[in-house]
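K.L.:
So I've got this file, work.txt, and it contains compact mmCIF, C-alpha atoms:
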# COMPACT_ATOMS: atom_id res chain seq x y z
CA MET A 9 0.00 0.00 0.00
CA THR A 10 1.47 3.34 -1.02
CA SER A 11 0.88 6.47 1.00
CA PHE A 12 2.41 9.52 -0.65
CA HIS A 13 2.11 9.74 -4.44
CA THR A 14 4.46 12.11 -6.24
CA PRO A 15 4.46 11.03 -9.91
CA LEU A 16 6.44 14.09 -10.97
CA ALA A 17 10.18 13.58 -11.38
CA ARG A 18 11.86 16.09 -9.06
CA PRO A 19 14.91 17.96 -10.33
CA LEU A 20 16.53 18.54 -6.91
CA THR A 21 17.51 16.71 -3.78
CA ALA A 22 17.89 18.90 -0.69
CA ILE A 23 17.85 18.99 3.09
CA LEU A 24 14.90 20.71 4.74
CA ARG A 25 14.85 21.54 8.47
CA HIS A 26 18.63 21.39 8.86
CA ARG A 27 17.82 23.56 11.88
CA PRO A 28 14.52 24.99 13.17
CA GLU A 29 15.34 28.47 11.83
CA ASP A 30 15.25 27.03 8.30
CA PHE A 31 11.48 26.52 8.64
CA LEU A 32 9.71 29.71 9.70
CA VAL A 33 5.91 29.75 9.94
CA GLU A 34 3.66 32.69 10.78
CA GLU A 35 -0.04 32.07 11.27
CA ILE A 36 -2.43 34.48 9.54
CA PRO A 37 -5.36 34.79 11.96
CA ALA A 38 -8.96 35.03 10.83
CA THR A 39 -9.80 37.12 13.92
CA LEU A 40 -7.77 39.31 16.26
CA PRO A 41 -8.65 39.67 19.96
CA GLU A 42 -10.78 42.70 20.79
CA GLY A 43 -9.29 43.47 24.22
CA GLU A 44 -12.01 42.22 26.56
CA GLY A 45 -13.71 38.95 27.45
CA GLU A 46 -13.25 35.69 29.37
CA HIS A 47 -10.49 34.31 27.15
CA VAL A 48 -6.88 35.46 27.12
CA TRP A 49 -5.41 35.22 23.62
CA LEU A 50 -1.65 34.82 23.38
CA SER A 51 0.49 35.31 20.30
CA ILE A 52 3.38 32.91 20.83
CA ARG A 53 6.63 32.25 19.02
CA LYS A 54 7.97 28.77 19.71
CA ARG A 55 11.07 26.88 18.62
CA GLY A 56 11.33 23.11 18.42
CA MET A 57 8.03 22.41 20.23
CA ASN A 58 4.74 21.15 18.88
CA THR A 59 1.47 22.96 19.36
CA ASP A 60 -0.16 20.43 21.70
CA THR A 61 2.83 20.55 24.04
CA VAL A 62 2.58 24.33 24.32
CA ALA A 63 -1.20 24.16 24.83
CA ALA A 64 -0.77 21.68 27.69
CA LEU A 65 1.94 23.89 29.20
CA LEU A 66 -0.33 26.96 29.11
CA GLY A 67 -3.09 24.99 30.81
CA ARG A 68 -0.78 23.92 33.62
CA ILE A 69 0.53 27.45 34.15
CA ALA A 70 -3.01 28.85 34.28
CA GLY A 71 -4.35 25.97 36.39
CA VAL A 72 -7.11 25.13 33.90
CA PRO A 73 -8.03 21.89 32.07
CA ARG A 74 -6.46 21.27 28.68
CA ARG A 75 -9.87 21.73 27.04
CA ALA A 76 -9.85 25.37 28.22
CA VAL A 77 -6.93 26.08 25.86
CA GLY A 78 -7.61 26.67 22.18
CA TYR A 79 -5.62 27.17 18.98
CA ALA A 80 -6.48 27.45 15.30
CA GLY A 81 -4.07 24.88 13.90
CA ARG A 82 -1.15 22.63 14.68
CA LYS A 83 2.25 23.91 13.62
CA ASP A 84 5.46 22.08 12.88
CA ARG A 85 7.66 20.98 15.74
CA HIS A 86 10.97 21.19 13.86
CA ALA A 87 10.51 24.86 13.09
CA VAL A 88 10.21 28.36 14.47
CA THR A 89 6.51 29.17 14.41
CA THR A 90 4.25 32.02 15.46
CA GLN A 91 0.61 31.36 16.29
CA TRP A 92 -2.27 32.35 18.58
CA PHE A 93 -3.55 30.39 21.58
CA SER A 94 -6.50 31.16 23.87
CA VAL A 95 -6.89 30.33 27.56
CA HIS A 96 -10.26 30.50 29.33
CA LEU A 97 -9.79 32.65 32.46
CA PRO A 98 -13.23 34.07 33.40
CA GLY A 99 -13.00 36.59 36.25
CA ARG A 100 -9.33 35.81 36.82
CA GLU A 101 -6.12 37.67 36.27
CA ALA A 102 -3.74 36.02 33.87
CA PRO A 103 -0.53 34.60 35.33
CA ILE A 104 2.80 36.15 34.49
CA TRP A 105 3.43 33.73 31.67
CA SER A 106 7.11 34.55 31.11
CA GLU A 107 7.99 33.42 34.63
CA HIS A 108 6.91 29.86 33.85
CA LEU A 109 7.73 29.37 30.16
CA PRO A 110 10.91 27.74 28.83
CA PRO A 111 13.22 29.83 26.61
CA GLU A 112 11.84 28.05 23.51
CA VAL A 113 8.46 29.76 24.05
CA GLU A 114 8.05 33.54 23.82
CA ILE A 115 4.89 35.59 24.39
CA LEU A 116 4.65 38.30 21.74
CA GLU A 117 1.22 39.70 22.67
CA ALA A 118 -1.56 39.00 25.17
CA ARG A 119 -5.09 40.38 24.86
CA ARG A 120 -8.54 39.29 25.96
CA HIS A 121 -11.38 38.18 23.72
CA ARG A 122 -14.97 37.02 24.19
CA ARG A 123 -14.56 33.65 22.47
CA LYS A 124 -12.27 30.66 22.54
CA LEU A 125 -9.97 30.22 19.55
CA GLN A 126 -11.42 27.33 17.55
CA THR A 127 -9.60 24.80 15.41
CA GLY A 128 -9.55 25.88 11.77
CA HIS A 129 -10.21 29.55 12.52
CA LEU A 130 -7.34 30.99 10.50
CA GLN A 131 -6.79 32.38 7.02
CA GLY A 132 -3.56 30.55 6.32
CA ASN A 133 0.15 30.57 7.06
CA ARG A 134 3.20 32.44 5.77
CA PHE A 135 6.34 30.36 5.27
CA LEU A 136 10.01 31.17 4.86
CA LEU A 137 12.03 28.03 4.19
CA VAL A 138 15.69 27.37 3.54
CA LEU A 139 16.71 24.27 1.58
CA ARG A 140 20.36 23.34 2.05
CA HIS A 141 22.77 21.05 0.21
CA CYS A 142 20.69 21.28 -2.96
CA GLU A 143 21.92 19.01 -5.73
CA GLY A 144 20.52 18.48 -9.21
CA ASP A 145 19.31 20.60 -12.11
CA ARG A 146 18.89 24.17 -10.88
CA ASP A 147 17.41 25.38 -14.18
CA ALA A 148 14.80 22.63 -14.14
CA ALA A 149 14.01 23.40 -10.50
CA GLN A 150 13.44 27.07 -11.30
CA ALA A 151 11.25 26.12 -14.27
CA ARG A 152 9.21 23.89 -11.97
CA LEU A 153 8.84 26.73 -9.45
CA ALA A 154 7.70 29.08 -12.23
CA MET A 155 5.13 26.46 -13.29
CA MET A 156 3.91 26.19 -9.70
CA GLN A 157 3.59 29.97 -9.52
CA GLN A 158 1.53 30.05 -12.71
CA ARG A 159 -0.53 26.86 -12.42
CA GLY A 160 -0.62 26.10 -8.69
CA VAL A 161 0.60 23.06 -6.78
CA PRO A 162 -0.86 19.53 -6.73
CA ASN A 163 -2.69 19.39 -3.40
CA PHE A 164 -1.43 16.02 -2.15
CA PHE A 165 -1.89 15.10 1.47
CA GLY A 166 1.68 14.93 2.72
CA ALA A 167 3.48 12.06 4.39
CA GLN A 168 2.64 13.41 7.85
CA ARG A 169 -0.97 12.34 7.27
CA PHE A 170 0.07 8.69 6.95
CA GLY A 171 2.36 8.21 9.94
CA ARG A 172 5.81 6.68 10.07
CA ASP A 173 6.46 4.54 6.98
CA GLY A 174 2.80 4.98 5.99
CA GLY A 175 1.70 2.87 8.95
CA ASN A 176 -1.63 4.65 9.41
CA ILE A 177 -2.97 3.06 6.23
CA ALA A 178 -2.26 -0.46 7.47
CA ARG A 179 -3.87 0.42 10.80
CA ALA A 180 -6.92 1.83 9.02
CA GLU A 181 -7.28 -1.41 7.08
CA ALA A 182 -6.96 -3.44 10.27
CA LEU A 183 -9.55 -1.22 11.96
CA PHE A 184 -11.99 -1.67 9.08
CA GLN A 185 -11.41 -5.45 8.97
CA GLY A 186 -12.00 -5.80 12.71
CA THR A 187 -8.48 -7.00 13.57
CA LEU A 188 -7.61 -3.76 15.39
CA GLN A 189 -9.68 -2.27 18.21
CA VAL A 190 -9.29 1.47 18.77
CA ARG A 191 -11.09 3.05 21.71
CA ASP A 192 -9.32 6.41 21.52
CA GLN A 193 -11.60 8.51 19.29
CA LYS A 194 -8.80 10.90 18.38
CA LEU A 195 -6.60 8.03 17.21
CA ARG A 196 -9.52 6.49 15.33
CA GLY A 197 -10.03 9.84 13.58
CA ILE A 198 -6.37 9.85 12.53
CA TYR A 199 -6.79 6.46 10.84
CA LEU A 200 -10.01 7.51 9.12
CA SER A 201 -8.33 10.67 7.89
CA ALA A 202 -5.38 8.67 6.55
CA ALA A 203 -7.75 6.38 4.63
CA ARG A 204 -9.56 9.34 3.07
CA SER A 205 -6.27 10.98 2.21
CA GLU A 206 -4.98 7.83 0.50
CA ILE A 207 -7.99 7.70 -1.83
CA PHE A 208 -7.75 11.42 -2.58
CA ASN A 209 -4.01 11.16 -3.34
CA ARG A 210 -4.60 8.26 -5.71
CA VAL A 211 -7.23 10.22 -7.64
CA LEU A 212 -4.94 13.26 -7.80
CA ALA A 213 -2.04 11.10 -9.01
CA ALA A 214 -4.24 9.74 -11.80
CA ARG A 215 -5.35 13.25 -12.82
CA LEU A 216 -1.77 14.48 -12.71
CA GLU A 217 -0.59 11.65 -14.93
CA ASP A 218 -3.24 12.30 -17.57
CA GLY A 219 -2.73 16.08 -17.40
CA THR A 220 -6.23 16.98 -16.18
CA TRP A 221 -5.51 17.96 -12.57
CA ASP A 222 -5.99 21.64 -13.49
CA HIS A 223 -8.23 21.20 -16.56
CA ALA A 224 -11.96 20.56 -16.31
CA LEU A 225 -13.60 17.53 -17.85
CA PRO A 226 -17.37 17.22 -18.35
CA GLY A 227 -18.80 15.98 -15.08
CA ASP A 228 -16.08 17.52 -12.91
CA ALA A 229 -16.98 19.14 -9.58
CA LEU A 230 -15.37 22.59 -9.70
CA GLN A 231 -14.68 24.63 -6.58
CA LEU A 232 -14.41 28.38 -6.28
CA ASP A 233 -11.01 29.47 -4.96
CA GLY A 234 -11.16 29.88 -1.20
CA ARG A 235 -14.67 28.43 -0.97
CA GLY A 236 -16.07 25.04 -0.04
CA SER A 237 -18.97 25.10 -2.50
CA PHE A 238 -18.74 23.51 -5.95
CA PHE A 239 -20.74 23.04 -9.13
CA ILE A 240 -20.77 20.36 -11.83
CA TYR A 241 -19.18 21.32 -15.15
CA GLN A 242 -21.04 20.26 -18.28
CA GLU A 243 -19.15 22.40 -20.83
CA ASP A 244 -22.03 24.87 -20.65
CA ASP A 245 -19.90 27.79 -19.42
CA PRO A 246 -17.25 29.04 -21.87
CA THR A 247 -15.54 31.07 -19.11
CA VAL A 248 -14.50 27.99 -17.11
CA PRO A 249 -11.14 27.31 -18.88
CA GLU A 250 -10.09 30.93 -18.40
CA ARG A 251 -11.12 30.91 -14.74
CA LEU A 252 -9.23 27.67 -14.17
CA ALA A 253 -6.12 29.15 -15.79
CA ALA A 254 -6.42 32.17 -13.49
CA GLN A 255 -6.78 29.81 -10.48
CA ALA A 256 -10.18 31.30 -9.65
CA LEU A 257 -11.61 27.77 -10.00
CA HIS A 258 -10.16 24.38 -9.12
CA VAL A 259 -10.92 20.82 -10.11
CA THR A 260 -11.76 18.73 -7.03
CA GLY A 261 -11.22 15.18 -5.88
CA PRO A 262 -13.21 13.02 -3.46
CA LEU A 263 -12.95 12.84 0.30
CA TRP A 264 -14.60 9.44 0.42
CA GLY A 265 -17.66 8.47 2.41
CA ARG A 266 -21.27 7.40 2.12
CA GLY A 267 -23.42 8.44 -0.79
CA ASP A 268 -22.83 8.91 -4.50
CA PRO A 269 -19.90 11.08 -5.63
CA ALA A 270 -20.89 14.46 -7.00
CA THR A 271 -19.06 13.88 -10.29
CA THR A 272 -20.66 12.35 -13.38
CA GLY A 273 -19.66 10.65 -16.62
CA ALA A 274 -16.01 9.91 -17.33
CA VAL A 275 -14.85 11.68 -14.17
CA ALA A 276 -17.08 9.55 -11.97
CA ALA A 277 -15.81 6.46 -13.81
CA LEU A 278 -12.17 7.47 -13.20
CA GLU A 279 -12.81 8.02 -9.50
CA SER A 280 -14.69 4.72 -9.28
CA ASP A 281 -11.76 2.90 -10.89
CA VAL A 282 -9.35 4.39 -8.37
CA VAL A 283 -11.60 3.55 -5.42
CA ALA A 284 -11.82 -0.03 -6.69
CA THR A 285 -8.07 -0.38 -6.02
CA VAL A 286 -8.61 0.19 -2.28
CA PRO A 287 -11.99 -1.44 -1.52
CA VAL A 288 -11.24 -2.04 2.18
CA LEU A 289 -10.58 1.67 2.74
CA ALA A 290 -13.61 2.80 0.76
CA ARG A 291 -16.06 0.41 2.41
CA GLY A 292 -14.60 1.14 5.83
CA LEU A 293 -15.08 4.89 5.43
CA GLU A 294 -18.67 4.35 4.32
CA ALA A 295 -19.38 2.05 7.26
CA ALA A 296 -17.83 4.61 9.64
CA GLY A 297 -20.55 7.07 8.63
CA LEU A 298 -18.46 9.64 6.79
CA THR A 299 -20.23 11.35 3.91
CA GLN A 300 -18.91 12.39 0.51
CA GLU A 301 -17.01 15.69 0.44
CA ARG A 302 -14.74 17.41 -2.08
CA ARG A 303 -11.25 18.91 -1.88
CA ALA A 304 -9.43 20.99 -4.49
CA LEU A 305 -6.82 19.09 -6.48
CA ARG A 306 -4.44 22.01 -6.28
CA ILE A 307 -3.17 24.65 -3.89
CA ARG A 308 -2.91 28.26 -4.93
CA PRO A 309 0.28 29.58 -3.28
CA GLN A 310 0.41 33.32 -2.79
CA ALA A 311 3.55 35.46 -3.09
CA LEU A 312 5.76 32.53 -4.10
CA THR A 313 9.37 33.72 -4.29
CA TRP A 314 12.71 31.95 -4.46
CA GLU A 315 16.33 33.01 -4.29
CA TRP A 316 19.62 31.15 -4.43
CA GLU A 317 21.69 32.42 -1.52
CA GLU A 318 24.63 30.18 -2.34
CA GLU A 319 25.32 27.51 -4.92
CA GLN A 320 23.51 24.87 -2.83
CA THR A 321 21.18 26.99 -0.66
CA LEU A 322 17.69 27.96 -1.83
CA ARG A 323 15.39 30.30 0.10
CA LEU A 324 11.63 30.04 -0.49
CA GLY A 325 8.83 32.34 0.61
CA PHE A 326 5.10 31.77 0.13
CA THR A 327 1.67 31.87 1.76
CA LEU A 328 -0.72 28.92 1.82
CA PRO A 329 -4.40 28.71 2.77
CA ALA A 330 -5.50 26.90 5.92
CA GLY A 331 -5.22 23.14 5.64
CA ALA A 332 -2.37 23.17 3.09
CA PHE A 333 1.11 21.91 3.93
CA ALA A 334 4.41 23.58 3.05
CA THR A 335 6.06 20.19 2.64
CA THR A 336 3.55 19.34 -0.10
CA LEU A 337 4.72 22.37 -2.09
CA VAL A 338 8.41 21.62 -1.56
CA GLU A 339 8.10 17.96 -2.53
CA VAL A 340 6.80 18.92 -5.98
CA PHE A 341 10.26 20.11 -7.06
CA ALA A 342 12.71 18.76 -4.44
CA ASP A 343 13.17 15.37 -2.83
CA THR A 344 13.95 16.19 0.79
CA GLY A 345 13.31 12.77 2.26
CA ALA A 346 10.84 14.62 4.47
CA ASP A 347 8.39 12.74 6.65
CA GLY A 348 6.31 15.87 6.88
CA GLY A 349 5.23 17.94 9.84
CA GLU A 350 2.06 19.07 11.46
CA GLY A 351 1.26 21.65 8.84
Mind turning this structure into structure tokens?
P.N.:
Amino acid sequence: MTSFHTPLARPLTAILRHRPEDFLVEEIPATLPEGEGEHVWLSIRKRGMNTDTVAALLGRIAGVPRRAVGYAGRKDRHAVTTQWFSVHLPGREAPIWSEHLPPEVEILEARRHRRKLQTGHLQGNRFLLVLRHCEGDRDAAQARLAMMQQRGVPNFFGAQRFGRDGGNIARAEALFQGTLQVRDQKLRGIYLSAARSEIFNRVLAARLEDGTWDHALPGDALQLDGRGSFFIYQEDDPTVPERLAAQALHVTGPLWGRGDPATTGAVAALESDVVATVPVLARGLEAAGLTQERRALRIRPQALTWEWEEEQTLRLGFTLPAGAFATTLVEVFADTGADGGEG
């Protein structure tokens, strides 16, 4: 069972995350704290620590349960990242955070707000990455980057979704076949997510190989950029090719579950053929009660820039929407041997 499809030949090999400062992430919040309310929002810069560890630490310092601490999204551990957290402290003064935090965690700002920070409540993330010890065809790498800037990036779920050596797929199969019992609902959700991601990646790989990942076919479900809604393309709108080229529209792939896929005709047949290669995963997701959803087959990176600092050192800058992974973008043009991060 495969777990991370990258059918494109990559012109470079490189080392990513040689040190945490080579992977800078800045969260773009959807909301900023207003200055009053029961929740204390904290803008935090952390180095070499994952988001859940910091959230648990804040809860202990404040003397509140872990569920009283919120954040919008998990950030990479092997990185320097900036993101917001919230801590529920109704009618209480906030502790002096800096007296209890390790040097790897720095409070940049603290303000109150009326609501808890919810998972997914962010616009996206800004990244500044440094790839070191780059070897290969620099001209081809720059051509690939220019293509990504113009056409977008195949929106594969990265290796982090599948666990070490892709083990989450085997566990999902065992769960669906009844040979693995999982009582932890969070862990069960991880395996379900891996199964969905595997099917999506296989469909995207097929569309990438036939050159239609960013071109609409009759029966495709097309999604507006930055929106969750979609419509079915029947060649009845002559503006669609132009809007796809401008990345205002995206072809979508299935997040598998119960019900009939939204696509029709040859597209539905292609997706059905792919699903037939992983029947245990497909039937298991349906039996688990998940329903059909759609996800864009490509990411639209904003402000993608690159610069060679030295012969073998490449600096990248870009912004991605919420839910997209920087490692997915990098792995389109450089083999880093990365096992991904939290995103």
K.L.:
Could you give me, as number ranges by chain, the residues that sit within 9 Å of (-8.3, 25.2, 27.3) in the file's coordinates, counting all atoms listed in the file?
P.N.:
A: 63-64, 66-67, 72-79, 94-96, 124
K.L.:
At most 12 Å is the cut-off: for each residue in range 311-343 of chain A with any atom that close to an atom of range 292-306 of chain A, write down the nearest atom pair and the distance in Å rounded to one decimal, counting all atoms listed in the file, chain first then increasing number, as JSON lines.
P.N.:
{"residue": "A:Leu328", "atom": "CA", "partner": "A:Arg306", "partner_atom": "CA", "distance": 11.3}
{"residue": "A:Pro329", "atom": "CA", "partner": "A:Arg306", "partner_atom": "CA", "distance": 11.3}
{"residue": "A:Gly331", "atom": "CA", "partner": "A:Arg303", "partner_atom": "CA", "distance": 10.5}
{"residue": "A:Ala332", "atom": "CA", "partner": "A:Arg306", "partner_atom": "CA", "distance": 9.7}
{"residue": "A:Phe333", "atom": "CA", "partner": "A:Arg306", "partner_atom": "CA", "distance": 11.6}
{"residue": "A:Thr336", "atom": "CA", "partner": "A:Arg306", "partner_atom": "CA", "distance": 10.4}
{"residue": "A:Leu337", "atom": "CA", "partner": "A:Arg306", "partner_atom": "CA", "distance": 10.1}
{"residue": "A:Val340", "atom": "CA", "partner": "A:Arg306", "partner_atom": "CA", "distance": 11.7}
K.L.:
Keeping C-alpha atoms, export the residues of the selection given above as a short mmCIF file (atom, residue, chain, number, x, y, z; two decimals), keeping the file's coordinate frame.
P.N.:
data_model
loop_
_atom_site.label_atom_id
_atom_site.label_comp_id
_atom_site.auth_asym_id
_atom_site.auth_seq_id
_atom_site.Cartn_x
_atom_site.Cartn_y
_atom_site.Cartn_z
CA LEU A 328 -0.72 28.92 1.82
CA PRO A 329 -4.40 28.71 2.77
CA GLY A 331 -5.22 23.14 5.64
CA ALA A 332 -2.37 23.17 3.09
CA PHE A 333 1.11 21.91 3.93
CA THR A 336 3.55 19.34 -0.10
CA LEU A 337 4.72 22.37 -2.09
CA VAL A 340 6.80 18.92 -5.98
#
K.L.:
Find, counting only C-alpha atoms, the residue in A:Ile36, A:Leu225, A:Ala22, A:Ala311 that gets nearest to Gln157 in chain A.
P.N.:
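Residue with the minimum atom-to-atom distance to Gln157 in chain A: A:Ala311.
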K.L.:
What is the CA of Val211 in chain A to CA of Thr127 in chain A distance in Å?
P.N.:
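Between CA of Val211 in chain A and CA of Thr127 in chain A the gap works out to 27.4 Å.
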K.L.:
Between A:Trp105, A:Phe341, A:Phe31, A:Tyr241, which is the closest to Arg68 in chain A once you count only C-alpha atoms?
P.N.:
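Ranked by minimum distance to Arg68 in chain A, first place goes to A:Trp105.
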K.L.:
Mind giving me the straight-line distance from CA of Pro41 in chain A to CA of His121 in chain A in Å, one decimal?
P.N.:
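CA of His121 in chain A lies at a distance of 4.9 Å from CA of Pro41 in chain A.
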K.L.:
For each of A:Ala148, A:Val275, A:Val288, A:Ile52, take the minimum atom-to-atom distance to Arg179 in chain A, counting all atoms listed in the file, then give the residue where this is smallest.
P.N.:
A:Val288
K.L.:
Counting all atoms listed in the file, which residues have an atom no more than 6 Å from (9.1, 29.1, 2.5) in the file's coordinates? Please list them as a tab-separated table (two decimals) with C-alpha atoms, keeping the file's coordinate frame.
P.N.:
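Okay, out_6.tsv is ready:
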chain	number	residue	atom	x	y	z
A	135	PHE	CA	6.34	30.36	5.27
A	136	LEU	CA	10.01	31.17	4.86
A	137	LEU	CA	12.03	28.03	4.19
A	324	LEU	CA	11.63	30.04	-0.49
A	325	GLY	CA	8.83	32.34	0.61
A	326	PHE	CA	5.10	31.77	0.13
K.L.:
Report the distance between CA of Pro28 in chain A and CA of Ala342 in chain A in Å, rounded to one decimal place.
P.N.:
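Pair CA of Pro28 in chain A / CA of Ala342 in chain A returns 18.8 Å.
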K.L.:
Between A:Ile240, A:His86, A:Arg100, A:Val259, which residue has the minimum interatomic distance to Arg215 in chain A, considering only C-alpha atoms?
P.N.:
A:Val259
K.L.:
Fewer than 6 positions away in the same chain doesn't count, so skip those; otherwise give me all residues within 12 Å of Glu243 in chain A, counting only C-alpha atoms, as a list in words.
P.N.:
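Near neighbours after the sequence-gap exclusion: His223, Ala224, Leu225, Pro226, Gly227, Asp228, Ala229, Leu230 and Pro249 of chain A.
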K.L.:
Looking at A:Ala253, A:Leu50, A:Val338, A:Ala276, which one is nearest to Phe164 in chain A, with distances taken over only C-alpha atoms?
P.N.:
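So, comparing all the options, the nearest one is A:Val338.
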K.L.:
Determine, counting all atoms listed in the file, which protein, DNA and RNA residues have an atom within 9 Å of an atom of Ala149 in chain A; residues of the same chain fewer than 5 positions away are not included. Present the result as a list in words.
P.N.:
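Within the cut-off, the hits are Arg18, Pro19, Leu20, Gly144, Ala154, Phe341 and Ala342 of chain A.
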K.L.:
Let me make sure I understand: among A:Arg152, A:Arg82, A:Arg159, A:Arg169, which one has the smallest atom-to-atom distance to His129 in chain A if we use all atoms listed in the file?
P.N.:
A:Arg82
K.L.:
Which residues are near Leu130 in chain A? Cut-off 7 Å, all atoms listed in the file, ignore same chain within fewer than 2 positions. Put them as number ranges by chain.
P.N.:
A: 36-38, 80, 128, 132, 330
K.L.:
Since we have the selection now, will you write its residues out, keeping C-alpha atoms, as a compact mmCIF listing (two decimals), in the coordinates of the input?
P.N.:
# COMPACT_ATOMS: atom_id res chain seq x y z
CA ILE A 36 -2.43 34.48 9.54
CA PRO A 37 -5.36 34.79 11.96
CA ALA A 38 -8.96 35.03 10.83
CA ALA A 80 -6.48 27.45 15.30
CA GLY A 128 -9.55 25.88 11.77
CA GLY A 132 -3.56 30.55 6.32
CA ALA A 330 -5.50 26.90 5.92
K.L.:
With 6 Å added on each side, what axis-aligned box encloses every listed atom of range 114-125 of chain A? Give the centre and edge lengths in Å to one decimal, as JSON.
P.N.:
{"center_x": -3.5, "center_y": 35.3, "center_z": 22.8, "size_x": 35.0, "size_y": 22.2, "size_z": 18.4}
K.L.:
Hey, what's within 8 Å of Leu24 in chain A if we count only C-alpha atoms and toss same-chain stuff fewer than 5 positions away? As an MDAnalysis selection string, please?
P.N.:
chainID A and resid 30:31 137:140 344 346
